[in-house]
file structure-v8.cif (mmCIF, C-alpha atoms and all ligand atoms)
data_run
loop_
_atom_site.group_PDB
_atom_site.id
_atom_site.type_symbol
_atom_site.label_atom_id
_atom_site.label_comp_id
_atom_site.auth_asym_id
_atom_site.auth_seq_id
_atom_site.Cartn_x
_atom_site.Cartn_y
_atom_site.Cartn_z
ATOM 1 C CA MET P 4 21.768 -16.302 -3.253
ATOM 2 C CA LYS P 5 19.024 -16.861 -5.727
ATOM 3 C CA ASN P 6 15.482 -15.737 -5.097
ATOM 4 C CA LEU P 7 12.351 -17.260 -6.448
ATOM 5 C CA THR P 8 11.071 -15.284 -9.381
ATOM 6 C CA PRO P 9 7.521 -14.031 -9.164
ATOM 7 C CA LEU P 10 5.706 -15.932 -11.867
ATOM 8 C CA PHE P 11 1.978 -16.091 -12.346
ATOM 9 C CA TYR P 12 -0.048 -18.627 -14.227
ATOM 10 C CA CYS P 13 -3.619 -18.135 -15.283
ATOM 11 C CA PHE P 14 -5.742 -20.789 -16.911
ATOM 12 C CA PHE P 15 -9.121 -19.595 -17.940
ATOM 13 C CA SER P 16 -11.888 -19.527 -20.362
ATOM 14 C CA ILE P 17 -13.766 -16.306 -21.096
ATOM 15 C CA ILE P 18 -12.966 -14.690 -17.778
ATOM 16 C CA ALA P 19 -10.387 -12.054 -16.978
ATOM 17 C CA CYS P 20 -6.970 -13.106 -15.775
ATOM 18 C CA ALA P 21 -5.895 -10.791 -13.012
ATOM 19 C CA GLN P 22 -2.878 -10.438 -10.849
ATOM 20 C CA GLU P 23 -2.684 -7.385 -8.627
ATOM 21 C CA ASN P 24 -0.986 -5.090 -11.129
ATOM 22 C CA PHE P 25 -1.405 -6.879 -14.453
ATOM 23 C CA ASN P 26 -4.704 -7.783 -16.100
ATOM 24 C CA LEU P 27 -5.582 -9.638 -19.259
ATOM 25 C CA TYR P 28 -9.180 -9.319 -20.405
ATOM 26 C CA TYR P 29 -11.287 -9.096 -23.522
ATOM 27 C CA GLU P 30 -13.848 -6.840 -25.110
ATOM 28 C CA GLU P 31 -16.324 -7.699 -27.819
ATOM 29 C CA THR P 32 -15.736 -6.231 -31.261
ATOM 30 C CA GLU P 33 -17.725 -6.251 -34.510
ATOM 31 C CA ASN P 34 -15.894 -9.360 -35.697
ATOM 32 C CA GLY P 35 -15.306 -11.170 -32.419
ATOM 33 C CA PHE P 36 -13.148 -10.158 -29.524
ATOM 34 C CA SER P 37 -10.183 -8.010 -28.720
ATOM 35 C CA VAL P 38 -7.769 -9.272 -26.026
ATOM 36 C CA LEU P 39 -6.306 -6.409 -23.994
ATOM 37 C CA ALA P 40 -3.844 -5.906 -21.153
ATOM 38 C CA ASP P 41 -3.574 -3.320 -18.388
ATOM 39 C CA ASN P 42 -0.077 -3.086 -16.918
ATOM 40 C CA ASP P 43 0.116 -1.122 -13.695
ATOM 41 C CA GLU P 44 3.715 -2.217 -13.027
ATOM 42 C CA TYR P 45 6.630 0.241 -13.297
ATOM 43 C CA SER P 46 8.437 -1.987 -15.787
ATOM 44 C CA PRO P 47 7.247 -3.755 -18.918
ATOM 45 C CA VAL P 48 5.564 -7.109 -18.320
ATOM 46 C CA SER P 49 6.019 -10.045 -20.694
ATOM 47 C CA ALA P 50 3.207 -12.567 -21.074
ATOM 48 C CA ASP P 51 3.522 -15.944 -22.781
ATOM 49 C CA ILE P 52 0.029 -16.649 -24.071
ATOM 50 C CA THR P 53 -1.333 -19.808 -25.647
ATOM 51 C CA PHE P 54 -4.790 -19.394 -27.117
ATOM 52 C CA ARG P 55 -7.273 -22.272 -27.387
ATOM 53 C CA LEU P 56 -9.699 -21.206 -30.068
ATOM 54 C CA GLU P 57 -12.812 -22.660 -31.608
ATOM 55 C CA ASN P 58 -14.116 -20.917 -34.711
ATOM 56 C CA LEU P 59 -11.874 -17.908 -34.019
ATOM 57 C CA LYS P 60 -8.646 -16.710 -35.590
ATOM 58 C CA SER P 61 -6.024 -14.709 -33.698
ATOM 59 C CA SER P 62 -4.542 -11.821 -35.697
ATOM 60 C CA GLN P 63 -1.215 -12.250 -33.843
ATOM 61 C CA GLY P 64 -0.912 -16.038 -33.814
ATOM 62 C CA ASN P 65 -1.888 -18.627 -31.205
ATOM 63 C CA ASN P 66 1.232 -18.981 -29.100
ATOM 64 C CA LYS P 67 3.466 -16.027 -28.549
ATOM 65 C CA ILE P 68 5.222 -13.814 -26.038
ATOM 66 C CA PHE P 69 3.724 -10.343 -25.798
ATOM 67 C CA VAL P 70 5.554 -7.439 -24.151
ATOM 68 C CA VAL P 71 3.278 -4.858 -22.519
ATOM 69 C CA PRO P 72 4.908 -1.470 -21.778
ATOM 70 C CA ALA P 73 5.029 -0.123 -18.217
ATOM 71 C CA ARG P 74 2.017 1.780 -16.902
ATOM 72 C CA THR P 75 -0.282 1.257 -19.895
ATOM 73 C CA LYS P 76 -3.992 0.591 -20.118
ATOM 74 C CA LYS P 77 -5.882 -1.248 -22.878
ATOM 75 C CA HIS P 78 -2.733 -2.448 -24.621
ATOM 76 C CA LYS P 79 -3.883 -4.512 -27.599
ATOM 77 C CA ILE P 80 -2.653 -8.123 -27.457
ATOM 78 C CA THR P 81 -4.581 -9.545 -30.384
ATOM 79 C CA ASN P 82 -7.907 -9.628 -32.177
ATOM 80 C CA LEU P 83 -9.876 -12.874 -32.218
ATOM 81 C CA ASP P 84 -12.042 -12.806 -35.312
ATOM 82 C CA VAL P 85 -14.975 -15.134 -35.940
ATOM 83 C CA VAL P 86 -14.302 -17.540 -38.808
ATOM 84 C CA ASP P 87 -17.873 -18.760 -39.532
ATOM 85 C CA ARG P 88 -20.726 -16.655 -38.175
ATOM 86 C CA SER P 89 -23.190 -19.559 -38.369
ATOM 87 C CA LYS P 90 -21.231 -21.613 -35.809
ATOM 88 C CA ARG P 91 -20.575 -21.189 -32.086
ATOM 89 C CA VAL P 92 -17.320 -19.660 -30.844
ATOM 90 C CA LYS P 93 -15.285 -20.606 -27.793
ATOM 91 C CA PHE P 94 -11.958 -19.448 -26.500
ATOM 92 C CA GLY P 95 -9.635 -19.778 -23.586
ATOM 93 C CA PHE P 96 -5.973 -19.233 -22.982
ATOM 94 C CA GLU P 97 -3.135 -20.157 -20.730
ATOM 95 C CA THR P 98 -0.581 -17.593 -19.780
ATOM 96 C CA SER P 99 2.423 -17.066 -17.593
ATOM 97 C CA PHE P 100 3.899 -13.633 -17.146
ATOM 98 C CA ASN P 101 6.615 -11.771 -15.361
ATOM 99 C CA PHE P 102 8.355 -8.421 -15.052
ATOM 100 C CA GLY P 103 10.581 -7.152 -17.844
ATOM 101 C CA ASN P 104 10.981 -7.373 -21.594
ATOM 102 C CA HIS P 105 11.522 -11.068 -22.303
ATOM 103 C CA ASP P 106 12.934 -10.284 -25.750
ATOM 104 C CA LEU P 107 15.524 -7.721 -24.673
ATOM 105 C CA LYS P 108 18.964 -8.624 -26.024
ATOM 106 C CA THR P 109 21.032 -5.472 -25.640
ATOM 107 C CA TYR P 110 21.658 -3.282 -22.628
ATOM 108 C CA ASP P 111 24.233 -0.723 -21.505
ATOM 109 C CA THR P 112 27.367 -2.821 -20.958
ATOM 110 C CA ASN P 113 29.517 0.230 -20.142
ATOM 111 C CA PHE P 114 27.575 1.557 -17.189
ATOM 112 C CA ASP P 115 29.714 2.400 -14.136
ATOM 113 C CA TYR P 116 27.831 1.122 -11.076
ATOM 114 C CA TYR P 117 28.343 2.657 -7.657
ATOM 115 C CA LEU P 118 29.339 0.370 -4.809
ATOM 116 C CA PRO P 119 26.054 -0.137 -2.922
ATOM 117 C CA PHE P 120 27.223 1.250 0.394
ATOM 118 C CA GLU P 121 28.057 4.547 2.092
ATOM 119 C CA LYS P 122 30.826 6.925 1.021
ATOM 120 C CA GLY P 123 33.903 6.390 3.170
ATOM 121 C CA SER P 124 33.160 2.768 3.975
ATOM 122 C CA THR P 125 34.981 -0.408 2.960
ATOM 123 C CA PHE P 126 33.510 -3.892 2.569
ATOM 124 C CA TRP P 127 34.816 -7.284 1.679
ATOM 125 C CA LEU P 128 33.448 -9.206 -1.304
ATOM 126 C CA SER P 129 32.874 -12.561 0.386
ATOM 127 C CA GLN P 130 31.565 -14.182 -2.791
ATOM 128 C CA GLY P 131 31.944 -13.072 -6.392
ATOM 129 C CA TYR P 132 30.518 -13.972 -9.799
ATOM 130 C CA ASN P 133 29.943 -17.677 -10.198
ATOM 131 C CA GLY P 134 31.166 -18.232 -6.630
ATOM 132 C CA ALA P 135 31.363 -21.793 -5.353
ATOM 133 C CA THR P 136 29.224 -21.400 -2.210
ATOM 134 C CA SER P 137 25.906 -20.338 -3.707
ATOM 135 C CA HIS P 138 26.567 -18.385 -6.914
ATOM 136 C CA LYS P 139 27.132 -21.273 -9.290
ATOM 137 C CA ASN P 140 26.177 -20.056 -12.777
ATOM 138 C CA GLU P 141 25.016 -16.783 -11.279
ATOM 139 C CA ASN P 142 26.621 -13.375 -11.697
ATOM 140 C CA ALA P 143 25.952 -12.322 -8.118
ATOM 141 C CA LEU P 144 28.030 -10.408 -5.580
ATOM 142 C CA ASP P 145 28.003 -10.811 -1.778
ATOM 143 C CA PHE P 146 29.252 -7.868 0.261
ATOM 144 C CA LYS P 147 29.860 -9.023 3.814
ATOM 145 C CA MET P 148 28.452 -6.388 6.170
ATOM 146 C CA PRO P 149 26.848 -6.275 9.605
ATOM 147 C CA VAL P 150 23.064 -6.293 9.940
ATOM 148 C CA GLY P 151 21.783 -2.711 9.715
ATOM 149 C CA THR P 152 24.452 -1.375 7.322
ATOM 150 C CA LYS P 153 23.083 1.384 5.090
ATOM 151 C CA ILE P 154 22.535 0.327 1.463
ATOM 152 C CA TYR P 155 22.818 2.830 -1.408
ATOM 153 C CA ALA P 156 21.479 2.527 -4.958
ATOM 154 C CA ALA P 157 24.110 1.365 -7.447
ATOM 155 C CA ARG P 158 22.225 2.987 -10.345
ATOM 156 C CA ASP P 159 19.220 5.213 -11.141
ATOM 157 C CA GLY P 160 15.891 3.472 -11.598
ATOM 158 C CA VAL P 161 12.360 2.922 -10.409
ATOM 159 C CA VAL P 162 11.360 0.618 -7.569
ATOM 160 C CA ILE P 163 9.398 -2.338 -8.934
ATOM 161 C CA ASP P 164 8.944 -4.412 -5.827
ATOM 162 C CA VAL P 165 9.865 -4.371 -2.150
ATOM 163 C CA GLU P 166 9.706 -7.222 0.353
ATOM 164 C CA ASP P 167 10.939 -6.635 3.883
ATOM 165 C CA SER P 168 8.419 -8.506 6.028
ATOM 166 C CA TYR P 169 10.495 -11.610 6.735
ATOM 167 C CA SER P 170 12.853 -12.183 9.628
ATOM 168 C CA LYS P 171 14.079 -15.753 9.334
ATOM 169 C CA ARG P 172 17.422 -16.891 7.927
ATOM 170 C CA CYS P 173 18.540 -20.423 7.184
ATOM 171 C CA THR P 174 21.127 -22.256 5.106
ATOM 172 C CA ASP P 175 18.544 -24.281 3.170
ATOM 173 C CA PRO P 176 17.665 -23.118 -0.381
ATOM 174 C CA GLU P 177 14.007 -23.391 0.724
ATOM 175 C CA CYS P 178 14.606 -20.188 2.684
ATOM 176 C CA ALA P 179 14.937 -18.231 -0.580
ATOM 177 C CA LYS P 180 11.120 -18.050 -0.429
ATOM 178 C CA HIS P 181 11.370 -15.940 2.719
ATOM 179 C CA ASN P 182 13.803 -13.386 1.400
ATOM 180 C CA ASN P 183 13.683 -9.627 1.820
ATOM 181 C CA TYR P 184 14.712 -7.500 -1.137
ATOM 182 C CA ILE P 185 14.390 -4.292 -3.132
ATOM 183 C CA LEU P 186 13.963 -4.691 -6.882
ATOM 184 C CA ILE P 187 14.840 -1.718 -9.105
ATOM 185 C CA TYR P 188 14.284 -1.344 -12.862
ATOM 186 C CA HIS P 189 16.943 0.565 -14.870
ATOM 187 C CA ASN P 190 16.326 2.595 -18.010
ATOM 188 C CA ASP P 191 18.279 0.125 -20.195
ATOM 189 C CA GLY P 192 15.811 -2.670 -19.354
ATOM 190 C CA THR P 193 17.969 -4.396 -16.715
ATOM 191 C CA PHE P 194 16.983 -4.907 -13.080
ATOM 192 C CA ALA P 195 18.989 -4.818 -9.840
ATOM 193 C CA GLU P 196 18.111 -6.744 -6.733
ATOM 194 C CA TYR P 197 19.424 -5.894 -3.280
ATOM 195 C CA ALA P 198 18.719 -8.921 -1.087
ATOM 196 C CA HIS P 199 18.682 -10.234 2.499
ATOM 197 C CA LEU P 200 17.611 -6.853 3.940
ATOM 198 C CA LYS P 201 16.666 -6.793 7.579
ATOM 199 C CA LYS P 202 13.021 -6.989 8.592
ATOM 200 C CA GLY P 203 11.392 -3.607 7.991
ATOM 201 C CA GLY P 204 14.692 -2.420 6.483
ATOM 202 C CA ALA P 205 13.482 -0.963 3.169
ATOM 203 C CA ARG P 206 13.297 2.847 2.975
ATOM 204 C CA VAL P 207 11.774 3.039 -0.500
ATOM 205 C CA HIS P 208 8.415 2.042 -1.961
ATOM 206 C CA ARG P 209 7.094 0.586 -5.188
ATOM 207 C CA GLY P 210 7.023 3.361 -7.825
ATOM 208 C CA ASP P 211 9.719 5.521 -6.223
ATOM 209 C CA GLN P 212 12.222 7.060 -8.650
ATOM 210 C CA ILE P 213 15.696 6.350 -7.329
ATOM 211 C CA LYS P 214 18.922 8.253 -7.981
ATOM 212 C CA ILE P 215 22.313 6.602 -8.074
ATOM 213 C CA GLY P 216 23.948 6.836 -4.644
ATOM 214 C CA GLN P 217 20.591 7.273 -2.852
ATOM 215 C CA PHE P 218 20.077 5.601 0.528
ATOM 216 C CA ILE P 219 17.465 2.847 0.047
ATOM 217 C CA GLY P 220 17.488 0.623 3.130
ATOM 218 C CA TYR P 221 19.354 -1.484 5.659
ATOM 219 C CA SER P 222 21.190 -4.756 5.077
ATOM 220 C CA GLY P 223 20.318 -7.861 7.026
ATOM 221 C CA ASP P 224 20.575 -11.586 7.328
ATOM 222 C CA VAL P 225 17.208 -12.831 6.078
ATOM 223 C CA GLY P 226 16.359 -15.609 3.611
ATOM 224 C CA TRP P 227 18.776 -18.206 2.263
ATOM 225 C CA ALA P 228 22.116 -17.051 3.687
ATOM 226 C CA THR P 229 24.999 -18.192 5.824
ATOM 227 C CA GLY P 230 25.485 -14.890 7.617
ATOM 228 C CA PRO P 231 24.900 -11.132 7.331
ATOM 229 C CA HIS P 232 25.650 -9.756 3.846
ATOM 230 C CA LEU P 233 24.181 -7.876 0.897
ATOM 231 C CA HIS P 234 23.532 -10.046 -2.140
ATOM 232 C CA PHE P 235 23.520 -7.873 -5.263
ATOM 233 C CA ILE P 236 22.600 -8.850 -8.804
ATOM 234 C CA VAL P 237 21.923 -7.106 -12.094
ATOM 235 C CA PHE P 238 19.886 -9.143 -14.526
ATOM 236 C CA LEU P 239 17.658 -9.402 -17.564
ATOM 237 C CA GLN P 240 14.307 -10.886 -16.595
ATOM 238 C CA ARG P 241 12.950 -13.676 -18.794
ATOM 239 C CA ILE P 242 9.497 -15.075 -18.143
ATOM 240 C CA LYS P 243 10.837 -18.160 -16.395
ATOM 241 C CA ASP P 244 14.279 -17.140 -15.210
ATOM 242 C CA ARG P 245 16.842 -14.412 -14.801
ATOM 243 C CA VAL P 246 19.938 -13.869 -16.916
ATOM 244 C CA THR P 247 22.389 -12.380 -14.422
ATOM 245 C CA LEU P 248 24.999 -9.962 -15.785
ATOM 246 C CA GLU P 249 28.547 -8.966 -14.937
ATOM 247 C CA THR P 250 28.873 -5.248 -14.337
ATOM 248 C CA LYS P 251 31.686 -2.827 -13.491
ATOM 249 C CA PHE P 252 31.877 -0.654 -10.378
ATOM 250 C CA LEU P 253 33.561 2.592 -9.508
ATOM 251 C CA THR P 254 35.940 1.972 -6.611
ATOM 252 C CA GLY P 255 38.319 4.075 -4.535
ATOM 253 C CA ASN P 256 38.001 7.750 -5.483
ATOM 254 C CA GLY P 257 35.786 6.848 -8.464
ATOM 255 C CA SER P 258 38.317 7.571 -11.185
ATOM 256 C CA LYS P 259 38.060 4.121 -12.759
ATOM 257 C CA SER P 260 35.604 1.252 -12.961
ATOM 258 C CA ILE P 261 36.610 -2.365 -12.489
ATOM 259 C CA SER P 262 35.209 -5.888 -12.214
ATOM 260 C CA LEU P 263 35.082 -6.896 -8.552
ATOM 261 C CA ILE P 264 37.042 -9.938 -7.447
ATOM 262 C CA GLU P 265 36.067 -12.384 -4.707
ATOM 263 C CA LYS P 266 37.898 -11.991 -1.372
ATOM 264 C CA GLU P 267 39.014 -8.436 -2.137
ATOM 265 C CA GLU P 268 38.070 -5.326 -0.161
ATOM 266 C CA TYR P 269 36.518 -2.305 -1.815
ATOM 267 C CA THR P 270 36.153 1.283 -0.640
ATOM 268 C CA ARG P 271 33.732 3.898 -1.887
ATOM 269 C CA ASN P 272 35.373 7.290 -1.651
ATOM 270 C CA TYR P 273 33.267 9.193 -4.143
ATOM 271 C CA LYS P 274 30.190 11.424 -3.945
HETATM 272 ZN ZN ZN P 301 24.812 -14.302 -2.619
#
call {"tool": "encode", "arguments": {"input": "structure-v8.cif", "output": "structure tokens"}}
result
Amino acid sequence: MKNLTPLFYCFFSIIACAQENFNLYYEETENGFSVLADNDEYSPVSADITFRLENLKSSQGNNKIFVVPARTKKHKITNLDVVDRSKRVKFGFETSFNFGNHDLKTYDTNFDYYLPFEKGSTFWLSQGYNGATSHKNENALDFKMPVGTKIYAARDGVVIDVEDSYSKRCTDPECAKHNNYILIYHNDGTFAEYAHLKKGGARVHRGDQIKIGQFIGYSGDVGWATGPHLHFIVFLQRIKDRVTLETKFLTGNGSKSISLIEKEEYTRNYK
């Protein structure tokens, strides 16, 4: 089931715009100001910035999406140069930003994902891509499994975000706000989310490098759900939404990868 995307808005005038791990700020230059970003996240961050300028000209335009690479300091967004030195200057901007490269179009469509559970186990796909219950227009997979089932990484990556503090489950979409999840960034620019984990069920932390097939936490029944399961998605993150993707998985002994089908059972008998 769908989670709310973290999305931050800042409206300000000549002050820094700060969220815990992403900062927009300015420094004075000979000709005006330089707008800079520090990104302490483990993925790129995209920021949609609209400048409101008086007697200043932006070298990169007034309304644009800027992509700031992961773990960078003082990334140059734009220069704001004074137009007429005899007049006053004023500036402000509005921005919204989110994880990921908003402009990313291509990714590895041939990657063979691991089933996200333990070798030797079998689980039922209770809901598949675009499923009628809660996956309308979403390429999401629900693996039905008891609370406390071990979850394994479907692909290598770095942990971007972890939430496992919630304990409540309900069948109202409102409950998506109280979801537990692990969010992992892959090297092709896609993300994976493993959702509905049990309270305190994550065994990884933000910044951890994860290997495919690595144990990462325990499944649960938290957030917007109708019963215990693992909700798994791979997606491209846009500033305001997620583009969920169909992927292929190795099944059985791992000799071939297939698209998973709703109401089928799958076994992981590899590695
Ligand atoms: Zn689901």
call {"tool": "closest_atom_pairs", "arguments": {"input": "structure-v8.cif", "of": "chain P", "to": "ligand ZN 301 (chain P)", "cutoff": "12 Å", "atoms": "all atoms listed in the file", "output": "Markdown table"}}
result
| residue | atom | partner | partner_atom | distance |
| --- | --- | --- | --- | --- |
| P:Met4 | CA | P:ZN301 | ZN | 3.7 |
| P:Lys5 | CA | P:ZN301 | ZN | 7.1 |
| P:Asn6 | CA | P:ZN301 | ZN | 9.8 |
| P:Leu128 | CA | P:ZN301 | ZN | 10.1 |
| P:Ser129 | CA | P:ZN301 | ZN | 8.8 |
| P:Gln130 | CA | P:ZN301 | ZN | 6.8 |
| P:Gly131 | CA | P:ZN301 | ZN | 8.2 |
| P:Tyr132 | CA | P:ZN301 | ZN | 9.2 |
| P:Asn133 | CA | P:ZN301 | ZN | 9.8 |
| P:Gly134 | CA | P:ZN301 | ZN | 8.5 |
| P:Ala135 | CA | P:ZN301 | ZN | 10.3 |
| P:Thr136 | CA | P:ZN301 | ZN | 8.4 |
| P:Ser137 | CA | P:ZN301 | ZN | 6.2 |
| P:His138 | CA | P:ZN301 | ZN | 6.2 |
| P:Lys139 | CA | P:ZN301 | ZN | 9.9 |
| P:Asn140 | CA | P:ZN301 | ZN | 11.8 |
| P:Glu141 | CA | P:ZN301 | ZN | 9.0 |
| P:Asn142 | CA | P:ZN301 | ZN | 9.3 |
| P:Ala143 | CA | P:ZN301 | ZN | 6.0 |
| P:Leu144 | CA | P:ZN301 | ZN | 5.9 |
| P:Asp145 | CA | P:ZN301 | ZN | 4.8 |
| P:Phe146 | CA | P:ZN301 | ZN | 8.3 |
| P:Lys147 | CA | P:ZN301 | ZN | 9.7 |
| P:Thr174 | CA | P:ZN301 | ZN | 11.7 |
| P:Pro176 | CA | P:ZN301 | ZN | 11.6 |
| P:Ala179 | CA | P:ZN301 | ZN | 10.8 |
| P:Asn182 | CA | P:ZN301 | ZN | 11.8 |
| P:Glu196 | CA | P:ZN301 | ZN | 10.9 |
| P:Tyr197 | CA | P:ZN301 | ZN | 10.0 |
| P:Ala198 | CA | P:ZN301 | ZN | 8.3 |
| P:His199 | CA | P:ZN301 | ZN | 9.0 |
| P:Asp224 | CA | P:ZN301 | ZN | 11.1 |
| P:Val225 | CA | P:ZN301 | ZN | 11.6 |
| P:Gly226 | CA | P:ZN301 | ZN | 10.6 |
| P:Trp227 | CA | P:ZN301 | ZN | 8.7 |
| P:Ala228 | CA | P:ZN301 | ZN | 7.4 |
| P:Thr229 | CA | P:ZN301 | ZN | 9.3 |
| P:Gly230 | CA | P:ZN301 | ZN | 10.3 |
| P:Pro231 | CA | P:ZN301 | ZN | 10.4 |
| P:His232 | CA | P:ZN301 | ZN | 7.9 |
| P:Leu233 | CA | P:ZN301 | ZN | 7.4 |
| P:His234 | CA | P:ZN301 | ZN | 4.5 |
| P:Phe235 | CA | P:ZN301 | ZN | 7.1 |
| P:Ile236 | CA | P:ZN301 | ZN | 8.5 |
| P:Glu265 | CA | P:ZN301 | ZN | 11.6 |
call {"tool": "resolve_selection", "arguments": {"input": "structure-v8.cif", "expression": "the PyMOL selection byres (((chain P and resi 164) around 7) and not hetatm)", "output": "PDB file with C-alpha atoms, keeping the file's coordinate frame"}}
result
ATOM      1  CA  VAL P 162      11.360   0.618  -7.569  1.00  0.00           C
ATOM      2  CA  ILE P 163       9.398  -2.338  -8.934  1.00  0.00           C
ATOM      3  CA  VAL P 165       9.865  -4.371  -2.150  1.00  0.00           C
ATOM      4  CA  GLU P 166       9.706  -7.222   0.353  1.00  0.00           C
ATOM      5  CA  ILE P 185      14.390  -4.292  -3.132  1.00  0.00           C
ATOM      6  CA  LEU P 186      13.963  -4.691  -6.882  1.00  0.00           C
ATOM      7  CA  ARG P 209       7.094   0.586  -5.188  1.00  0.00           C
TER       8      ARG P 209
END
call {"tool": "closest_residue", "arguments": {"input": "structure-v8.cif", "among": "P:Leu118, P:Val71, P:Ile213, P:Val48", "to": "Val161 of chain P", "atoms": "all atoms listed in the file"}}
result
P:Ile213
call {"tool": "atom_distance", "arguments": {"input": "structure-v8.cif", "atom1": "atom CA of Thr109 of chain P", "atom2": "atom CA of Gly64 of chain P"}}
result
25.7 Å
call {"tool": "axis_aligned_box", "arguments": {"input": "structure-v8.cif", "around": "segment 38-49 of chain P", "padding_each_side": "6 Å", "output": "AutoDock Vina command-line options"}}
result
--center_x 0.3 --center_y -4.9 --center_z -19.5 --size_x 28.2 --size_y 22.3 --size_z 25.0
call {"tool": "closest_residue", "arguments": {"input": "structure-v8.cif", "among": "P:Ala205, P:Ala157, P:Ile68, P:Leu248", "to": "Arg271 of chain P", "atoms": "only C-alpha atoms"}}
result
P:Ala157
call {"tool": "closest_residue", "arguments": {"input": "structure-v8.cif", "among": "P:Asn26, P:Gly192, P:Gly255, P:Val70", "to": "Thr112 of chain P", "atoms": "all atoms listed in the file"}}
result
P:Gly192
call {"tool": "build_atoms", "arguments": {"input": "structure-v8.cif", "residues": "segment 252-266 of chain P", "atoms": "N, CA, C and O atoms", "output": "PDB file, keeping the file's coordinate frame"}}
result
ATOM      1  N   PHE P 252      32.159  -1.578 -11.480  1.00  0.00           N
ATOM      2  CA  PHE P 252      31.877  -0.654 -10.378  1.00  0.00           C
ATOM      3  C   PHE P 252      32.981   0.380 -10.251  1.00  0.00           C
ATOM      4  O   PHE P 252      34.171   0.063 -10.434  1.00  0.00           O
ATOM      5  N   LEU P 253      32.577   1.579  -9.883  1.00  0.00           N
ATOM      6  CA  LEU P 253      33.561   2.592  -9.508  1.00  0.00           C
ATOM      7  C   LEU P 253      34.066   2.238  -8.112  1.00  0.00           C
ATOM      8  O   LEU P 253      33.270   1.920  -7.226  1.00  0.00           O
ATOM      9  N   THR P 254      35.358   2.268  -7.932  1.00  0.00           N
ATOM     10  CA  THR P 254      35.940   1.972  -6.611  1.00  0.00           C
ATOM     11  C   THR P 254      36.894   3.107  -6.233  1.00  0.00           C
ATOM     12  O   THR P 254      37.190   3.982  -7.050  1.00  0.00           O
ATOM     13  N   GLY P 255      37.371   3.059  -4.997  1.00  0.00           N
ATOM     14  CA  GLY P 255      38.319   4.075  -4.535  1.00  0.00           C
ATOM     15  C   GLY P 255      37.748   5.471  -4.681  1.00  0.00           C
ATOM     16  O   GLY P 255      36.626   5.735  -4.258  1.00  0.00           O
ATOM     17  N   ASN P 256      38.489   6.374  -5.332  1.00  0.00           N
ATOM     18  CA  ASN P 256      38.001   7.750  -5.483  1.00  0.00           C
ATOM     19  C   ASN P 256      37.073   7.910  -6.691  1.00  0.00           C
ATOM     20  O   ASN P 256      36.650   9.023  -7.008  1.00  0.00           O
ATOM     21  N   GLY P 257      36.761   6.808  -7.370  1.00  0.00           N
ATOM     22  CA  GLY P 257      35.786   6.848  -8.464  1.00  0.00           C
ATOM     23  C   GLY P 257      36.378   7.179  -9.807  1.00  0.00           C
ATOM     24  O   GLY P 257      35.644   7.409 -10.766  1.00  0.00           O
ATOM     25  N   SER P 258      37.707   7.185  -9.913  1.00  0.00           N
ATOM     26  CA  SER P 258      38.317   7.571 -11.185  1.00  0.00           C
ATOM     27  C   SER P 258      38.321   6.443 -12.216  1.00  0.00           C
ATOM     28  O   SER P 258      38.472   6.690 -13.400  1.00  0.00           O
ATOM     29  N   LYS P 259      38.163   5.201 -11.758  1.00  0.00           N
ATOM     30  CA  LYS P 259      38.060   4.121 -12.759  1.00  0.00           C
ATOM     31  C   LYS P 259      37.088   3.046 -12.307  1.00  0.00           C
ATOM     32  O   LYS P 259      36.822   2.902 -11.107  1.00  0.00           O
ATOM     33  N   SER P 260      36.543   2.320 -13.296  1.00  0.00           N
ATOM     34  CA  SER P 260      35.604   1.252 -12.961  1.00  0.00           C
ATOM     35  C   SER P 260      36.255  -0.092 -13.244  1.00  0.00           C
ATOM     36  O   SER P 260      37.001  -0.250 -14.209  1.00  0.00           O
ATOM     37  N   ILE P 261      35.973  -1.046 -12.383  1.00  0.00           N
ATOM     38  CA  ILE P 261      36.610  -2.365 -12.489  1.00  0.00           C
ATOM     39  C   ILE P 261      35.595  -3.479 -12.223  1.00  0.00           C
ATOM     40  O   ILE P 261      34.527  -3.252 -11.668  1.00  0.00           O
ATOM     41  N   SER P 262      35.971  -4.702 -12.603  1.00  0.00           N
ATOM     42  CA  SER P 262      35.209  -5.888 -12.214  1.00  0.00           C
ATOM     43  C   SER P 262      35.656  -6.273 -10.821  1.00  0.00           C
ATOM     44  O   SER P 262      36.865  -6.311 -10.540  1.00  0.00           O
ATOM     45  N   LEU P 263      34.727  -6.556  -9.932  1.00  0.00           N
ATOM     46  CA  LEU P 263      35.082  -6.896  -8.552  1.00  0.00           C
ATOM     47  C   LEU P 263      35.514  -8.361  -8.461  1.00  0.00           C
ATOM     48  O   LEU P 263      34.972  -9.222  -9.151  1.00  0.00           O
ATOM     49  N   ILE P 264      36.469  -8.590  -7.589  1.00  0.00           N
ATOM     50  CA  ILE P 264      37.042  -9.938  -7.447  1.00  0.00           C
ATOM     51  C   ILE P 264      36.772 -10.466  -6.043  1.00  0.00           C
ATOM     52  O   ILE P 264      36.932  -9.738  -5.054  1.00  0.00           O
ATOM     53  N   GLU P 265      36.369 -11.722  -5.983  1.00  0.00           N
ATOM     54  CA  GLU P 265      36.067 -12.384  -4.707  1.00  0.00           C
ATOM     55  C   GLU P 265      37.250 -12.289  -3.752  1.00  0.00           C
ATOM     56  O   GLU P 265      38.387 -12.409  -4.159  1.00  0.00           O
ATOM     57  N   LYS P 266      36.924 -12.051  -2.467  1.00  0.00           N
ATOM     58  CA  LYS P 266      37.898 -11.991  -1.372  1.00  0.00           C
ATOM     59  C   LYS P 266      38.752 -10.715  -1.363  1.00  0.00           C
ATOM     60  O   LYS P 266      39.746 -10.637  -0.655  1.00  0.00           O
TER      61      LYS P 266
END
